[in-house]
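**Q** Below are the structure tokens for one structure; questions will follow.
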Amino acid sequence: MSIATSRQLFSRLLSANSKKCMKCFANVRFKSDQTDKKDNDLKVSGKIEHAVLKKFSEPLQIESVDPPKILQSTEVLIDVNYCALNGLDVLLIENLYTHEQSLPFVPGYEVSGKLIEVSEGAKKAGYNVGDKVIALNKNRFGGLAEQCVAEIDDVWKIPTSIKSIDAVCLLENYVTALIGLEQYGSISEEDMVLVNVGIGGIGLAAVDIAANIFRAKVIGVGFSEDRADKIRDRGAFHAFTYKEKKLIQEIEEIAGERGIEKIFEGDSGEHFKKVLNSFMNVYKSKPPSKNLLRDDNFGVVVQHLSREGRILIAGVADTNPNKNDDKDWFTVTGISLKECRERKLELYRTTGDDVISFFEEGLIKPVPSLVAGFYKVNDAVKFVSEMKASGKVVIDMKNKDAEVKSN
């Protein structure tokens with residue numbers, strides 16, 4: 001082949017590939033332009049978009065609607081940057097929760113963003129337009145929308161140094177875990193803490209807090225080996241997937257290092273086994289029960305091993321109230337943030353403040369499992385429903401076309 005012929009062939013190949021690249025670029029640009037045009041049209045019309053459930057177990061629908069309005073003197077309006085999609089949201093979408101959600105329904109209750117309107121009462125409480133905030137909107141939901149209304153008791157101001165995508169991963173899991181470990185377990189640096197992480201979420205937050213805030217000796221039990229890896233990443237000195245004999249052996253060895261022996265003998269030993277069973281029973285359902293997605297199944301129990309020591313058992317538990325009459329069953333009371341807000345508002349608020357401070361100081365490290373653009377919200381719902389999430393699943397309300405990205 002002559003040099004001239006080679007150059008001709010190379011030129012043709014280059015021209016053909018350039019056309020393909022330009023076509024691909026044009027398609028991407030066209031899609032982006034469509035989204036930009038839609039956003040501009042919404043701004044001109046004064047509408048916002050939200051994701052709404054019209055029929056149980058069916059995909060959420062994206063609709064253009066009028067923005068919500070502040071009606072009470074203690075409300076604020078949030079321009080939503082990110083919304084977490086939690087297990088509770090998915091259980092309500094699939095009508096698998098303890099009560100049936102009325103429809104239509106806009107899921108999402110854990111959001112981060114900025115205040116764009118504040119009531120008189122909110123101003124008196126120190127809230128101002130432009131404040132960067134996170135909210136735990138469990139009484140209202142409505143977070144899967146470009147704007148949502150929240151009560152000031154459910155809103156925390158955050159420093160500008162905290163990224164909104166990190167902030168949206170903080171409240172639900174870490175506040176629940178901290179209340180459990182402190183209020184129910186009186187955790188201290190000397191404690192051994194066994195955390196049943198389950199599929200992740202609150203369990204991983206409990207490991208993070210126990211290991212890195214209280215410097216306790218943490219053992220983590222997980223749903224799978226990849227969960228065990230994440231438990232170690234949070235600071236547990238040992239983590240493994242659940243096997244009953246292995247669990248008992250590990251606890252006996254750790255107690256033995258502290259000079260505590262025969263912890264599973266006698267009446268106290270039998271009681272300890274019942275406590276462990278109430279936590280580990282969640283692994284015995286095949287396939288795993290979607291009760292693992294509930295928001296009220298995190299519990300903490302203190303087990304005294306002898307006069308010399310104790311162990312805290314925390315994490316996801318079988319909180320089935322129907323077993324209360326079973327003498328061979330130990331019932332764990334799950335922690336509900338909704339009930340805590342109603343009965344102990346000051347504790348609810350101060351614990352939220354503590355969690356924000358811990359994160360600002362670099363002591364805890366929430367990591368999202370998946371981030372998806374608003375228009376990919378149904379992919380995110382499926383991800384949570386299939387119990388693939390070990391951390392937060394986050395919906396990007398600004399970059400609506402963002403592809404699904406898992407960690």
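Ordering of the structure tokens sets the chain letters (A, B, ...); residue numbers start at 1 within each chain; ligands are numbered from 1 in the order shown.
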Which residues come within 10 Å of Cys169 (chain A), counting only C-alpha atoms, excluding same-chain residues fewer than 3 positions away, as a PDB file with C-alpha atoms, in the first residue's frame?
**A**
```pdb
ATOM      1  CA  TYR A  82     -30.862  16.601  48.267  1.00  0.00           C
ATOM      2  CA  CYS A  83     -33.465  14.206  49.640  1.00  0.00           C
ATOM      3  CA  ALA A  84     -32.623  10.868  51.263  1.00  0.00           C
ATOM      4  CA  GLU A 110     -34.856  13.754  55.247  1.00  0.00           C
ATOM      5  CA  VAL A 111     -33.713  16.745  53.206  1.00  0.00           C
ATOM      6  CA  SER A 112     -30.951  19.336  52.910  1.00  0.00           C
ATOM      7  CA  ILE A 134     -31.190  19.932  57.137  1.00  0.00           C
ATOM      8  CA  SER A 164     -25.438  19.400  51.585  1.00  0.00           C
ATOM      9  CA  ILE A 165     -24.888  15.873  50.262  1.00  0.00           C
ATOM     10  CA  ASP A 166     -23.096  14.945  53.506  1.00  0.00           C
ATOM     11  CA  GLU A 172     -32.176   9.815  60.856  1.00  0.00           C
ATOM     12  CA  ASN A 173     -29.465   7.203  61.397  1.00  0.00           C
ATOM     13  CA  TYR A 174     -27.049   9.023  63.669  1.00  0.00           C
ATOM     14  CA  GLY A 201     -28.086   2.269  57.896  1.00  0.00           C
ATOM     15  CA  LYS A 365     -18.192   9.698  58.480  1.00  0.00           C
ATOM     16  CA  PRO A 366     -21.572   8.944  56.918  1.00  0.00           C
ATOM     17  CA  VAL A 367     -21.184   7.672  53.355  1.00  0.00           C
ATOM     18  CA  PRO A 368     -24.049   7.416  50.853  1.00  0.00           C
ATOM     19  CA  GLY A 391     -25.829   3.590  53.716  1.00  0.00           C
ATOM     20  CA  LYS A 392     -28.013   6.457  52.591  1.00  0.00           C
ATOM     21  CA  VAL A 393     -29.609   6.515  49.171  1.00  0.00           C
ATOM     22  CA  VAL A 394     -29.599  10.154  48.094  1.00  0.00           C
TER      23      VAL A 394
END
```
**Q** Which of region 169-379 of chain A end up as helix (DSSP H, G or I) when DSSP is run on this backbone - answer as an MDAnalysis selection string?
**A** chainID A and resid 171:184 202:212 225:233 244:257 266:283 290:293 321:323 337:343 345:360 374:379
**Q** For Leu88 (chain A), please output as a ChimeraX atom specification all residues within 8 Å (counting only C-alpha atoms; exclusion window: fewer than 3 positions along the same chain).
**A** /A:91-92,97,293-295
**Q** Going by DSSP on the backbone, which bits of region 64-248 of chain A are strand (DSSP E or B)? Write them as a PyMOL selection string, please.
**A** chain A and resi 64-65+75-85+105+110-118+132-136+145+147-151+155-157+192-198+217-222+238-241
**Q** Determine the nearest neighbour of Val282 (chain A) from the options A:Thr350, A:Thr319, A:Ser188, A:Ser357, counting only C-alpha atoms.
**A** A:Thr319
**Q** If I take CA of Val175 (chain A) and CA of Arg140 (chain A), how far is one from the other in Å, to one decimal?
**A** 18.7 Å
**Q** Which of these residues is nearest to Lys388 (chain A), using only C-alpha atoms: A:Arg349, A:Arg215, A:Arg227, A:Lys262?
**A**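 Going through A:Arg349, A:Arg215, A:Arg227, A:Lys262 one by one, the smallest distance to Lys388 (chain A) is for A:Arg227.
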**Q** Of the candidates A:Asn399, A:Ser186, A:Thr241, A:Ser45, which shows the shortest atom-to-atom distance to Ile311 (chain A), using only C-alpha atoms?
**A** A:Ser186
**Q** Can you pull out every residue within 12 Å of Lys273 (chain A), counting only C-alpha atoms, but drop anything in the same chain fewer than 2 positions away, and send it as an MDAnalysis selection string?
**A** chainID A and resid 244:245 247:248 251 263:271 275:281 303 305 313 328:330
